[in-house]
file run30.cif (mmCIF, C-alpha atoms and all ligand atoms)
data_structure
#
loop_
_atom_site.label_atom_id
_atom_site.label_comp_id
_atom_site.auth_asym_id
_atom_site.auth_seq_id
_atom_site.Cartn_x
_atom_site.Cartn_y
_atom_site.Cartn_z
CA MET A 18 -16.70 -86.38 1.31
CA ARG A 19 -17.25 -83.94 4.15
CA ILE A 20 -19.59 -81.02 4.72
CA GLU A 21 -18.73 -77.97 6.82
CA TYR A 22 -21.93 -76.62 8.29
CA ASP A 23 -20.65 -73.25 9.61
CA ILE A 24 -22.22 -70.48 7.56
CA LYS A 25 -19.69 -68.50 5.51
CA LEU A 26 -20.54 -64.91 4.64
CA GLY A 27 -20.12 -62.54 1.72
CA PHE A 28 -20.32 -58.71 1.68
CA LYS A 29 -24.05 -58.79 0.95
CA ASP A 30 -24.75 -60.81 4.12
CA VAL A 31 -23.66 -58.13 6.60
CA MET A 32 -23.73 -54.46 7.52
CA ILE A 33 -21.49 -52.56 9.90
CA ARG A 34 -23.17 -51.42 13.11
CA PRO A 35 -22.71 -47.71 13.94
CA LYS A 36 -20.92 -46.88 17.21
CA ARG A 37 -20.66 -43.78 19.38
CA SER A 38 -17.87 -41.56 18.20
CA THR A 39 -16.00 -38.41 19.16
CA LEU A 40 -15.08 -37.60 15.55
CA LYS A 41 -16.66 -34.39 14.33
CA SER A 42 -15.93 -34.71 10.62
CA ARG A 43 -14.78 -37.09 7.92
CA SER A 44 -11.82 -34.79 7.34
CA GLN A 45 -10.42 -35.99 10.69
CA VAL A 46 -10.03 -39.55 9.36
CA SER A 47 -6.68 -40.78 8.03
CA LEU A 48 -6.85 -43.56 5.44
CA LYS A 49 -3.08 -43.97 5.37
CA ARG A 50 -1.52 -47.10 6.78
CA LYS A 51 2.10 -47.94 7.53
CA PHE A 52 3.27 -51.53 7.24
CA THR A 53 6.52 -53.28 8.02
CA PHE A 54 6.89 -56.46 6.02
CA LYS A 55 7.73 -59.90 7.33
CA HIS A 56 10.54 -60.80 4.93
CA ALA A 57 11.46 -57.73 2.88
CA ASN A 58 13.47 -55.41 5.06
CA THR A 59 11.32 -52.37 4.38
CA THR A 60 8.23 -50.35 5.32
CA TRP A 61 5.48 -48.80 3.20
CA GLU A 62 3.05 -45.98 3.87
CA GLY A 63 0.02 -45.08 1.78
CA ILE A 64 -3.64 -45.77 1.17
CA PRO A 65 -3.85 -49.57 1.01
CA ILE A 66 -6.02 -49.96 -2.07
CA ILE A 67 -4.59 -51.70 -5.15
CA ALA A 68 -5.70 -51.70 -8.80
CA ALA A 69 -5.89 -55.30 -10.03
CA ASN A 70 -3.27 -56.74 -12.36
CA MET A 71 -5.71 -57.11 -15.26
CA ASP A 72 -4.80 -55.59 -18.61
CA THR A 73 -8.02 -53.57 -18.53
CA VAL A 74 -7.22 -52.15 -15.06
CA GLY A 75 -3.55 -52.35 -14.01
CA THR A 76 -2.17 -50.05 -16.72
CA PHE A 77 0.71 -47.58 -16.52
CA GLU A 78 -1.82 -44.73 -16.90
CA MET A 79 -3.75 -46.07 -13.90
CA ALA A 80 -0.49 -46.38 -11.95
CA LEU A 81 0.36 -42.72 -12.53
CA ALA A 82 -3.13 -41.54 -11.49
CA LEU A 83 -3.36 -43.73 -8.37
CA ALA A 84 0.24 -43.17 -7.22
CA GLU A 85 -0.49 -39.46 -7.01
CA LYS A 86 -3.10 -40.25 -4.33
CA GLY A 87 -0.93 -42.80 -2.49
CA LEU A 88 -2.52 -46.02 -3.81
CA ILE A 89 -0.81 -48.99 -5.48
CA THR A 90 -1.26 -50.46 -8.96
CA ALA A 91 -0.43 -54.08 -9.67
CA VAL A 92 0.72 -53.50 -13.23
CA HIS A 93 -0.39 -56.36 -15.50
CA LYS A 94 2.14 -58.84 -16.85
CA HIS A 95 1.51 -58.28 -20.54
CA TYR A 96 3.61 -55.14 -21.05
CA SER A 97 6.87 -55.76 -22.87
CA ILE A 98 10.25 -55.06 -21.29
CA THR A 99 10.57 -52.07 -23.65
CA ASP A 100 7.19 -50.73 -22.43
CA TRP A 101 8.49 -50.95 -18.86
CA ASN A 102 11.70 -49.14 -19.72
CA VAL A 103 9.87 -46.34 -21.52
CA PHE A 104 7.45 -46.00 -18.59
CA SER A 105 10.10 -45.90 -15.89
CA SER A 106 12.27 -43.42 -17.76
CA HIS A 107 9.39 -40.90 -17.67
CA ALA A 108 7.71 -41.85 -14.38
CA PRO A 109 7.72 -39.31 -11.54
CA GLU A 110 9.89 -39.74 -8.46
CA GLY A 111 8.34 -41.93 -5.78
CA ILE A 112 6.35 -44.05 -8.25
CA GLU A 113 8.43 -47.09 -7.21
CA ASN A 114 6.52 -47.30 -3.92
CA HIS A 115 3.20 -47.56 -5.71
CA ILE A 116 3.88 -50.21 -8.34
CA ALA A 117 3.76 -53.98 -8.12
CA ILE A 118 5.32 -55.91 -11.00
CA SER A 119 3.03 -58.84 -11.77
CA THR A 120 4.27 -62.23 -12.84
CA GLY A 121 3.01 -65.73 -13.46
CA THR A 122 5.02 -68.80 -12.52
CA SER A 123 6.43 -70.12 -15.82
CA ALA A 124 10.14 -70.06 -16.68
CA ASN A 125 9.40 -67.30 -19.22
CA ASP A 126 7.59 -65.25 -16.56
CA ALA A 127 10.59 -65.59 -14.20
CA GLU A 128 12.96 -64.48 -16.93
CA LYS A 129 10.83 -61.46 -17.85
CA LEU A 130 10.52 -60.49 -14.18
CA ALA A 131 14.31 -60.62 -13.83
CA SER A 132 14.72 -58.27 -16.82
CA ILE A 133 12.12 -55.80 -15.53
CA VAL A 134 13.67 -55.79 -12.07
CA SER A 135 17.18 -55.36 -13.41
CA PHE A 136 16.12 -52.20 -15.31
CA ASN A 137 13.89 -50.97 -12.46
CA PRO A 138 15.61 -52.10 -9.26
CA HIS A 139 13.69 -49.66 -7.04
CA PHE A 140 10.16 -50.93 -7.69
CA LYS A 141 9.02 -52.16 -4.31
CA PHE A 142 6.47 -54.90 -4.91
CA ILE A 143 6.35 -58.16 -6.89
CA CYS A 144 2.92 -59.75 -7.32
CA ILE A 145 3.04 -63.48 -8.07
CA ASP A 146 -0.42 -64.21 -9.29
CA VAL A 147 -2.10 -67.47 -10.26
CA ALA A 148 -5.78 -68.38 -10.24
CA ASN A 149 -5.14 -71.32 -7.92
CA GLY A 150 -2.49 -70.77 -5.26
CA TYR A 151 -2.78 -74.28 -3.84
CA SER A 152 -0.23 -76.01 -6.06
CA GLU A 153 3.18 -77.20 -4.92
CA HIS A 154 4.72 -75.59 -8.00
CA PHE A 155 3.36 -72.21 -6.87
CA VAL A 156 4.83 -72.56 -3.37
CA ASP A 157 8.22 -73.51 -4.89
CA PHE A 158 8.04 -70.45 -7.16
CA VAL A 159 7.39 -68.21 -4.15
CA LYS A 160 10.41 -69.72 -2.31
CA HIS A 161 12.62 -69.26 -5.33
CA THR A 162 11.47 -65.66 -5.85
CA ARG A 163 12.13 -64.83 -2.19
CA THR A 164 15.69 -66.19 -2.44
CA LYS A 165 16.31 -64.25 -5.63
CA TYR A 166 14.79 -60.94 -4.42
CA PRO A 167 15.38 -60.72 -0.65
CA ASP A 168 14.45 -57.00 -0.49
CA LYS A 169 11.25 -57.05 -2.53
CA VAL A 170 7.82 -57.07 -0.94
CA ILE A 171 6.35 -60.28 -2.36
CA ILE A 172 2.60 -60.61 -2.83
CA ALA A 173 1.41 -64.17 -3.55
CA GLY A 174 -2.02 -65.62 -4.29
CA ASN A 175 -4.77 -66.44 -4.68
CA VAL A 176 -5.93 -68.63 -1.79
CA VAL A 177 -8.88 -68.51 0.62
CA THR A 178 -7.96 -70.59 3.66
CA GLY A 179 -5.77 -69.99 6.70
CA GLU A 180 -3.46 -72.98 6.32
CA MET A 181 -2.48 -71.96 2.80
CA VAL A 182 -1.93 -68.34 3.90
CA GLU A 183 0.49 -69.69 6.52
CA GLU A 184 2.27 -71.90 3.99
CA LEU A 185 2.79 -69.00 1.57
CA LEU A 186 4.02 -66.66 4.32
CA LEU A 187 6.46 -69.33 5.49
CA ALA A 188 7.57 -69.85 1.87
CA GLY A 189 8.61 -66.19 1.67
CA ALA A 190 5.53 -64.13 0.80
CA ASP A 191 5.04 -60.89 2.76
CA ILE A 192 1.44 -60.41 1.68
CA VAL A 193 -1.04 -63.10 0.64
CA LYS A 194 -3.78 -62.34 -1.88
CA VAL A 195 -7.14 -63.76 -0.86
CA GLY A 196 -10.12 -64.51 -3.11
CA ILE A 197 -11.26 -67.36 -5.32
CA GLY A 198 -14.35 -66.75 -7.38
CA PRO A 199 -15.79 -63.42 -6.11
CA GLY A 200 -14.60 -61.26 -9.04
CA SER A 201 -16.99 -59.23 -11.17
CA VAL A 202 -15.87 -60.88 -14.42
CA CYS A 203 -14.99 -64.23 -12.90
CA THR A 204 -16.87 -67.43 -13.75
CA THR A 205 -14.81 -69.87 -11.69
CA ARG A 206 -17.71 -70.64 -9.39
CA VAL A 207 -19.91 -71.31 -12.42
CA LYS A 208 -17.40 -73.43 -14.31
CA THR A 209 -15.91 -75.33 -11.36
CA GLY A 210 -18.18 -75.04 -8.33
CA VAL A 211 -15.10 -73.94 -6.33
CA GLY A 212 -14.98 -70.79 -4.17
CA TYR A 213 -15.32 -69.28 -0.70
CA PRO A 214 -17.56 -66.37 0.40
CA GLN A 215 -15.23 -63.39 0.47
CA LEU A 216 -16.02 -61.84 3.88
CA SER A 217 -15.39 -65.14 5.70
CA ALA A 218 -12.26 -65.75 3.61
CA ILE A 219 -10.92 -62.35 4.74
CA ILE A 220 -11.74 -62.93 8.42
CA GLU A 221 -10.09 -66.37 8.50
CA CYS A 222 -7.09 -65.51 6.31
CA ALA A 223 -6.37 -62.21 8.13
CA ASP A 224 -6.30 -64.09 11.42
CA ALA A 225 -3.82 -66.64 10.03
CA ALA A 226 -1.62 -63.97 8.43
CA HIS A 227 -1.52 -61.58 11.38
CA GLY A 228 -0.55 -64.46 13.67
CA LEU A 229 2.61 -64.86 11.59
CA GLY A 230 3.34 -61.15 11.11
CA GLY A 231 2.10 -61.11 7.50
CA GLN A 232 -0.61 -59.15 5.70
CA ILE A 233 -3.45 -60.01 3.33
CA ILE A 234 -5.07 -58.39 0.32
CA SER A 235 -8.78 -58.94 -0.17
CA ASP A 236 -9.03 -59.47 -3.93
CA GLY A 237 -12.33 -59.39 -5.78
CA GLY A 238 -16.00 -58.95 -5.08
CA CYS A 239 -16.13 -55.26 -4.11
CA THR A 240 -18.82 -53.61 -6.22
CA ILE A 241 -19.52 -50.47 -4.16
CA PRO A 242 -17.49 -48.40 -1.66
CA GLY A 243 -19.39 -50.05 1.23
CA ASP A 244 -17.92 -53.44 0.26
CA ILE A 245 -14.41 -52.00 0.54
CA ALA A 246 -15.23 -50.74 4.05
CA LYS A 247 -16.54 -54.22 4.97
CA ALA A 248 -13.35 -55.83 3.61
CA PHE A 249 -11.18 -53.54 5.79
CA GLY A 250 -13.57 -54.04 8.71
CA ALA A 251 -13.17 -57.81 8.35
CA GLY A 252 -9.38 -57.50 8.70
CA ALA A 253 -8.00 -56.98 5.19
CA ASP A 254 -4.77 -54.96 5.23
CA PHE A 255 -5.15 -54.09 1.53
CA VAL A 256 -8.10 -54.25 -0.86
CA MET A 257 -7.67 -54.99 -4.58
CA LEU A 258 -10.20 -53.68 -7.10
CA GLY A 259 -10.84 -54.75 -10.68
CA GLY A 260 -14.34 -53.82 -11.84
CA MET A 261 -14.55 -50.65 -9.74
CA PHE A 262 -11.48 -49.27 -11.57
CA ALA A 263 -12.60 -50.51 -15.02
CA GLY A 264 -14.20 -48.25 -17.62
CA HIS A 265 -12.09 -45.15 -16.91
CA GLN A 266 -9.93 -43.02 -19.10
CA GLU A 267 -6.87 -44.61 -17.41
CA SER A 268 -8.18 -48.18 -17.78
CA GLY A 269 -7.27 -50.50 -20.64
CA GLY A 270 -9.80 -52.09 -23.00
CA GLU A 271 -11.29 -50.78 -26.18
CA LEU A 272 -13.45 -47.62 -26.07
CA ILE A 273 -16.75 -48.34 -27.82
CA GLU A 274 -19.32 -45.79 -29.03
CA ARG A 275 -22.90 -46.90 -29.60
CA ASP A 276 -26.00 -44.72 -29.99
CA GLY A 277 -24.08 -41.71 -28.74
CA LYS A 278 -23.01 -43.47 -25.53
CA HIS A 279 -19.49 -44.56 -24.61
CA TYR A 280 -18.46 -47.89 -23.11
CA LYS A 281 -15.16 -49.59 -22.34
CA GLN A 282 -14.50 -53.25 -22.78
CA PHE A 283 -13.64 -55.11 -19.57
CA TYR A 284 -12.78 -58.79 -19.35
CA GLY A 285 -11.44 -61.41 -16.94
CA MET A 286 -7.85 -62.51 -17.39
CA SER A 287 -9.07 -66.09 -17.94
CA SER A 288 -11.77 -65.05 -20.39
CA ALA A 289 -11.71 -66.15 -24.02
CA THR A 290 -11.02 -62.48 -24.95
CA ALA A 291 -7.86 -62.35 -22.79
CA MET A 292 -6.66 -65.76 -23.94
CA ASP A 293 -7.23 -64.87 -27.62
CA LYS A 294 -5.27 -61.68 -27.08
CA HIS A 295 -2.33 -63.04 -25.11
CA VAL A 296 -1.92 -66.76 -25.81
CA GLY A 297 -3.62 -67.22 -29.17
CA GLY A 298 -6.90 -68.73 -27.89
CA VAL A 299 -8.35 -71.00 -25.22
CA ALA A 300 -6.30 -74.23 -25.02
CA GLU A 301 -8.11 -77.44 -25.96
CA TYR A 302 -7.96 -78.88 -22.42
CA ARG A 303 -9.44 -75.88 -20.56
CA ALA A 304 -12.55 -73.71 -20.35
CA SER A 305 -12.55 -69.94 -20.09
CA GLU A 306 -13.19 -68.80 -16.50
CA GLY A 307 -13.94 -65.17 -17.18
CA LYS A 308 -16.54 -62.90 -18.77
CA THR A 309 -16.22 -60.11 -21.31
CA VAL A 310 -18.47 -57.12 -20.67
CA GLU A 311 -18.87 -53.48 -21.67
CA VAL A 312 -19.01 -50.95 -18.86
CA ALA A 313 -20.34 -47.43 -19.21
CA TYR A 314 -17.44 -45.02 -19.67
CA LYS A 315 -16.75 -43.25 -16.38
CA GLY A 316 -14.20 -40.58 -17.32
CA SER A 317 -11.19 -39.93 -15.08
CA VAL A 318 -10.57 -42.37 -12.22
CA GLU A 319 -10.14 -39.38 -9.89
CA THR A 320 -13.93 -39.01 -9.57
CA THR A 321 -14.41 -42.68 -8.66
CA LEU A 322 -11.54 -42.44 -6.22
CA LYS A 323 -13.16 -39.50 -4.42
CA ASP A 324 -16.32 -41.56 -4.06
CA ILE A 325 -14.43 -44.57 -2.69
CA LEU A 326 -12.22 -42.64 -0.28
CA GLY A 327 -15.11 -40.39 0.82
CA GLY A 328 -17.21 -43.48 1.54
CA LEU A 329 -14.42 -45.08 3.51
CA ARG A 330 -13.85 -41.94 5.60
CA SER A 331 -17.56 -41.87 6.31
CA THR A 332 -17.54 -45.53 7.47
CA CYS A 333 -14.71 -44.62 9.84
CA THR A 334 -16.71 -41.72 11.33
CA TYR A 335 -19.80 -43.94 11.76
CA VAL A 336 -17.78 -46.33 13.97
CA GLY A 337 -15.45 -43.80 15.58
CA ALA A 338 -12.22 -44.86 13.86
CA ALA A 339 -9.88 -41.88 13.49
CA LYS A 340 -7.54 -44.04 11.39
CA LEU A 341 -8.23 -46.82 8.91
CA LYS A 342 -6.00 -49.00 11.10
CA GLU A 343 -8.65 -48.84 13.86
CA LEU A 344 -11.54 -49.88 11.61
CA THR A 345 -11.30 -53.64 12.24
CA LYS A 346 -11.37 -53.36 16.00
CA ARG A 347 -14.25 -50.88 15.82
CA THR A 348 -16.26 -53.16 13.47
CA THR A 349 -19.23 -55.21 14.60
CA PHE A 350 -20.95 -56.91 11.69
CA ILE A 351 -24.62 -57.63 11.87
CA ARG A 352 -26.01 -60.39 9.69
CA VAL A 353 -28.78 -59.06 7.49
CA ALA A 354 -31.38 -60.23 5.02
CA GLU A 355 -31.53 -56.91 3.16
CA GLN A 356 -29.14 -54.29 1.82
CA GLU A 357 -30.03 -50.98 0.22
CA ASN A 358 -33.43 -49.81 -0.98
CA ARG A 359 -33.38 -50.38 -4.74
CA ILE A 360 -36.68 -48.75 -5.70
CA TYR A 361 -35.00 -46.11 -7.88
CA THR A 362 -32.08 -48.31 -9.01
CA ASN A 363 -32.36 -49.84 -12.45
P1 LIG A 401 -13.41 -57.41 -9.04
O1 LIG A 401 -12.80 -56.31 -8.26
O2 LIG A 401 -13.61 -57.08 -10.48
O3 LIG A 401 -14.62 -58.00 -8.41
O4 LIG A 401 -12.34 -58.61 -9.00
C1 LIG A 401 -11.03 -58.48 -9.51
C2 LIG A 401 -10.31 -59.80 -9.37
O5 LIG A 401 -10.96 -60.84 -10.12
C3 LIG A 401 -8.90 -59.82 -9.93
O6 LIG A 401 -7.99 -59.16 -9.11
C4 LIG A 401 -8.63 -61.32 -10.05
O7 LIG A 401 -8.25 -61.91 -8.83
C5 LIG A 401 -10.01 -61.86 -10.42
N1 LIG A 401 -10.09 -62.16 -11.86
C6 LIG A 401 -9.72 -61.38 -12.90
N2 LIG A 401 -9.97 -62.00 -14.07
C7 LIG A 401 -10.48 -63.19 -13.77
C8 LIG A 401 -10.93 -64.30 -14.57
O8 LIG A 401 -10.93 -64.29 -15.79
N3 LIG A 401 -11.37 -65.38 -13.88
C9 LIG A 401 -11.38 -65.43 -12.52
N4 LIG A 401 -11.78 -66.55 -11.94
N5 LIG A 401 -11.00 -64.40 -11.75
C10 LIG A 401 -10.56 -63.30 -12.36
#

call {"tool": "encode", "arguments": {"input": "run30.cif", "output": "C-alpha cells"}}
result
Amino acid sequence: MRIEYDIKLGFKDVMIRPKRSTLKSRSQVSLKRKFTFKHANTTWEGIPIIAANMDTVGTFEMALALAEKGLITAVHKHYSITDWNVFSSHAPEGIENHIAISTGTSANDAEKLASIVSFNPHFKFICIDVANGYSEHFVDFVKHTRTKYPDKVIIAGNVVTGEMVEELLLAGADIVKVGIGPGSVCTTRVKTGVGYPQLSAIIECADAAHGLGGQIISDGGCTIPGDIAKAFGAGADFVMLGGMFAGHQESGGELIERDGKHYKQFYGMSSATAMDKHVGGVAEYRASEGKTVEVAYKGSVETTLKDILGGLRSTCTYVGAAKLKELTKRTTFIRVAEQENRIYTN
C-alpha cells in the first residue's frame, strides 16, 4: 500500500484569478478552436464542447441542435443501424463533423460500428467508451480500431492518469477522455472508492497528452458554466457534458408531469434503469454504478447553450483571452475555501 500526499483538486476547490485585459467586450472572444489530430489525417474546427454519449443526452435531436452551433454530440450506442440510416439520410450537410459514433469494446459493438461506418463513411469521430480504460483488452481494441479506421478521429477513455493517456495515444487514440467518478449521475466513487479529483486529472492528463501531440476531453463533473471554464483553464481541449444537457426538449428520457410541473428522467449508463433497458437487468456479479433522477424540464437546449457560451466568453474577457485557445495560458487558479454566495439558492 502507498499513499500519495499531494493534494488533488476538483472544480469546487479553485477560482480563476482575473487579469488585466485589453478586451472591450465579450463579443470580441472566439470560442472556436482548430485541431489537427495525431493519427487521423484531418483537422477539425468548432466549439470544443461535446454532449455525452448517454441515451438521455447524446440523441440525434441533440446532435442536430448542437451541430448548428458548431458543437459535437457523442451519439449513444443504443440506436439501431436502421435508426442511423434514417438519421443520416435526412441530416443536414456538414453534420458529419459534429458527430461521434460511440461504441463499446465487445465483438458485437465492433460489428455494429463497422455497419454504421459503412453506411456513413463521412462521420468524423469514433468514441470508444468504457467505464474503466485501464484494461489490456481496451488498449487492444483501440489498436485494432485504429488499424481498421486509419482516417477516423478516435476518442478513447475513460482514464485519469498521465501514463494511461500516453498508452492510449500510442495505441492509436487521437483524443483521450478523462474522468472517473465525477459525473452527476455516477456512483462509482460510492460503490468502489475509486476516482480522481477532476481538475487535477485534467491538469496532469493534458500535460501528458500535449507532450505527445494528442488532445484530451474533460468528461464529467461540470455542473455550472464556471466549471466548464475551469476545465478549459486547466488544459482540457474539449469538455463533455451530461447533466448540463439533460432535461431538454432534445434530450432523451421520459417526460414526466407531476402537480403541473414537467420533469425529464435522467440516468447514468451504468444505473439499474439503463441496464434494465438495454441488457435486461443488472448482472448477478455486478452492482449498478449510476443514479436515476428527474430533472426539471428546461425547454430547448439553445437557451442553456447561450448561458454556457456566454459564461465562457465572459471568463475569457476576465483574463484577457481573445480566443478560447489562450485561456489555459492566461489562467491562474487560486485555491479557495468558498464558492458562490448561496443565501438565495435553494
Ligand atoms: P456529468 O456531465 O453529468 O457530470 O457527467 C457525464 C459523464 O458521466 C458521462 O460522460 C460519463 O463519463 C459518466 N457517466 C454516465 N453514466 C454513468 C454511470 O452510470 N456511472 C458512472 N460511473 N459514470 C457515468

call {"tool": "closest_atom_pairs", "arguments": {"input": "run30.cif", "of": "chain A", "to": "ligand LIG 401 (chain A)", "cutoff": "7 Å", "atoms": "only C-alpha atoms and all ligand atoms", "output": "JSON lines"}}
result
{"residue": "A:Ala69", "atom": "CA", "partner": "A:LIG401", "partner_atom": "O6", "distance": 4.5}
{"residue": "A:Asn70", "atom": "CA", "partner": "A:LIG401", "partner_atom": "O6", "distance": 6.2}
{"residue": "A:Met71", "atom": "CA", "partner": "A:LIG401", "partner_atom": "C6", "distance": 6.3}
{"residue": "A:Ala148", "atom": "CA", "partner": "A:LIG401", "partner_atom": "N4", "distance": 6.5}
{"residue": "A:Gly196", "atom": "CA", "partner": "A:LIG401", "partner_atom": "O7", "distance": 6.6}
{"residue": "A:Ile197", "atom": "CA", "partner": "A:LIG401", "partner_atom": "N4", "distance": 6.7}
{"residue": "A:Gly198", "atom": "CA", "partner": "A:LIG401", "partner_atom": "N4", "distance": 5.2}
{"residue": "A:Pro199", "atom": "CA", "partner": "A:LIG401", "partner_atom": "O3", "distance": 6.0}
{"residue": "A:Gly200", "atom": "CA", "partner": "A:LIG401", "partner_atom": "O3", "distance": 3.3}
{"residue": "A:Ser201", "atom": "CA", "partner": "A:LIG401", "partner_atom": "O3", "distance": 3.8}
{"residue": "A:Val202", "atom": "CA", "partner": "A:LIG401", "partner_atom": "C7", "distance": 5.9}
{"residue": "A:Cys203", "atom": "CA", "partner": "A:LIG401", "partner_atom": "C9", "distance": 3.8}
{"residue": "A:Thr204", "atom": "CA", "partner": "A:LIG401", "partner_atom": "N4", "distance": 5.5}
{"residue": "A:Thr205", "atom": "CA", "partner": "A:LIG401", "partner_atom": "N4", "distance": 4.5}
{"residue": "A:Asp236", "atom": "CA", "partner": "A:LIG401", "partner_atom": "O6", "distance": 5.3}
{"residue": "A:Gly237", "atom": "CA", "partner": "A:LIG401", "partner_atom": "O4", "distance": 3.3}
{"residue": "A:Gly238", "atom": "CA", "partner": "A:LIG401", "partner_atom": "O3", "distance": 3.7}
{"residue": "A:Cys239", "atom": "CA", "partner": "A:LIG401", "partner_atom": "O3", "distance": 5.3}
{"residue": "A:Thr240", "atom": "CA", "partner": "A:LIG401", "partner_atom": "O3", "distance": 6.5}
{"residue": "A:Met257", "atom": "CA", "partner": "A:LIG401", "partner_atom": "O6", "distance": 6.2}
{"residue": "A:Leu258", "atom": "CA", "partner": "A:LIG401", "partner_atom": "O1", "distance": 3.9}
{"residue": "A:Gly259", "atom": "CA", "partner": "A:LIG401", "partner_atom": "O1", "distance": 3.5}
{"residue": "A:Gly260", "atom": "CA", "partner": "A:LIG401", "partner_atom": "O2", "distance": 3.6}
{"residue": "A:Met261", "atom": "CA", "partner": "A:LIG401", "partner_atom": "O1", "distance": 6.1}
{"residue": "A:Tyr284", "atom": "CA", "partner": "A:LIG401", "partner_atom": "N2", "distance": 6.8}
{"residue": "A:Gly285", "atom": "CA", "partner": "A:LIG401", "partner_atom": "O8", "distance": 3.1}
{"residue": "A:Met286", "atom": "CA", "partner": "A:LIG401", "partner_atom": "O8", "distance": 3.9}
{"residue": "A:Ser287", "atom": "CA", "partner": "A:LIG401", "partner_atom": "O8", "distance": 3.4}
{"residue": "A:Ser288", "atom": "CA", "partner": "A:LIG401", "partner_atom": "O8", "distance": 4.7}
{"residue": "A:Glu306", "atom": "CA", "partner": "A:LIG401", "partner_atom": "N3", "distance": 4.7}
{"residue": "A:Gly307", "atom": "CA", "partner": "A:LIG401", "partner_atom": "O8", "distance": 3.4}
{"residue": "A:Lys308", "atom": "CA", "partner": "A:LIG401", "partner_atom": "O8", "distance": 6.5}

call {"tool": "atom_distance", "arguments": {"input": "run30.cif", "atom1": "CA of His161 in chain A", "atom2": "CA of Phe54 in chain A"}}
result
18.0 Å

call {"tool": "closest_residue", "arguments": {"input": "run30.cif", "among": "A:Ala354, A:Ile133, A:Ala127, A:Ala82", "to": "Thr162 in chain A", "atoms": "all atoms listed in the file"}}
result
A:Ala127

call {"tool": "residues_near_point", "arguments": {"input": "run30.cif", "point": "(0.8, -66.2, -1.6)", "cutoff": "10 Å", "atoms": "all atoms listed in the file", "output": "ChimeraX atom specification"}}
result
/A:144-147,150-151,155-156,159,171-176,181-195,233-234

call {"tool": "closest_residue", "arguments": {"input": "run30.cif", "among": "A:Met18, A:Ser47, A:Glu153, A:Val31", "to": "Thr334 in chain A", "atoms": "all atoms listed in the file"}}
result
A:Ser47

call {"tool": "residues_near_point", "arguments": {"input": "run30.cif", "point": "(-10.7, -46.4, -15.9)", "cutoff": "9 Å", "atoms": "all atoms listed in the file", "output": "VMD selection string"}}
result
chain A and resid 73 to 74 79 261 to 269 281 314 to 318 321

call {"tool": "atom_distance", "arguments": {"input": "run30.cif", "atom1": "CA of Arg206 in chain A", "atom2": "CA of Ala223 in chain A"}}
result
22.5 Å

call {"tool": "closest_residue", "arguments": {"input": "run30.cif", "among": "A:Asp157, A:Asp23, A:Glu62, A:Glu85", "to": "Glu319 in chain A", "atoms": "all atoms listed in the file"}}
result
A:Glu85

call {"tool": "closest_residue", "arguments": {"input": "run30.cif", "among": "A:Lys55, A:His107, A:Lys247, A:Lys129", "to": "Lys169 in chain A", "atoms": "only C-alpha atoms"}}
result
A:Lys55

call {"tool": "closest_residue", "arguments": {"input": "run30.cif", "among": "A:His295, A:His56, A:Arg359, A:Arg275", "to": "Lys94 in chain A", "atoms": "all atoms listed in the file"}}
result
A:His295

call {"tool": "atom_distance", "arguments": {"input": "run30.cif", "atom1": "CA of Thr209 in chain A", "atom2": "CA of Arg303 in chain A"}}
result
11.3 Å

call {"tool": "closest_residue", "arguments": {"input": "run30.cif", "among": "A:Arg330, A:Ser217, A:Ala338, A:Asn137", "to": "Thr99 in chain A", "atoms": "all atoms listed in the file"}}
result
A:Asn137

call {"tool": "residues_around", "arguments": {"input": "run30.cif", "residues": "Ala80 in chain A", "least_positions_apart": "3", "cutoff": "8 Å", "atoms": "only C-alpha atoms", "output": "PyMOL selection string"}}
result
chain A and resi 75-77+83-84+89-90+92+115-116

call {"tool": "write_last_selection", "arguments": {"input": "run30.cif", "atoms": "C-alpha atoms", "output": "tab-separated table (two decimals), keeping the file's coordinate frame"}}
result
chain	number	residue	atom	x	y	z
A	75	GLY	CA	-3.55	-52.35	-14.01
A	76	THR	CA	-2.17	-50.05	-16.72
A	77	PHE	CA	0.71	-47.58	-16.52
A	83	LEU	CA	-3.36	-43.73	-8.37
A	84	ALA	CA	0.24	-43.17	-7.22
A	89	ILE	CA	-0.81	-48.99	-5.48
A	90	THR	CA	-1.26	-50.46	-8.96
A	92	VAL	CA	0.72	-53.50	-13.23
A	115	HIS	CA	3.20	-47.56	-5.71
A	116	ILE	CA	3.88	-50.21	-8.34

call {"tool": "decode", "arguments": {"input": "run30.cif", "residues": "range 281-288 of chain A", "atoms": "N, CA and C atoms", "output": "mmCIF file, in the first residue's frame"}}
result
data_model
loop_
_atom_site.group_PDB
_atom_site.id
_atom_site.type_symbol
_atom_site.label_atom_id
_atom_site.label_comp_id
_atom_site.auth_asym_id
_atom_site.auth_seq_id
_atom_site.Cartn_x
_atom_site.Cartn_y
_atom_site.Cartn_z
ATOM 1 N N LYS A 281 -37.788 15.615 -16.677
ATOM 2 C CA LYS A 281 -37.334 14.566 -17.591
ATOM 3 C C LYS A 281 -36.468 13.598 -16.826
ATOM 4 N N GLN A 282 -36.640 12.328 -17.133
ATOM 5 C CA GLN A 282 -35.823 11.323 -16.465
ATOM 6 C C GLN A 282 -34.381 11.406 -17.005
ATOM 7 N N PHE A 283 -33.442 11.226 -16.093
ATOM 8 C CA PHE A 283 -32.014 11.255 -16.468
ATOM 9 C C PHE A 283 -31.341 10.176 -15.639
ATOM 10 N N TYR A 284 -30.537 9.348 -16.294
ATOM 11 C CA TYR A 284 -29.894 8.262 -15.543
ATOM 12 C C TYR A 284 -28.509 7.961 -16.085
ATOM 13 N N GLY A 285 -27.657 7.423 -15.200
ATOM 14 C CA GLY A 285 -26.308 7.006 -15.595
ATOM 15 C C GLY A 285 -26.385 5.785 -16.487
ATOM 16 N N MET A 286 -25.381 5.601 -17.335
ATOM 17 C CA MET A 286 -25.394 4.479 -18.254
ATOM 18 C C MET A 286 -25.061 3.163 -17.548
ATOM 19 N N SER A 287 -24.625 3.241 -16.287
ATOM 20 C CA SER A 287 -24.419 2.016 -15.501
ATOM 21 C C SER A 287 -25.461 1.912 -14.398
ATOM 22 N N SER A 288 -26.533 2.685 -14.508
ATOM 23 C CA SER A 288 -27.591 2.620 -13.498
ATOM 24 C C SER A 288 -28.456 1.386 -13.761
#
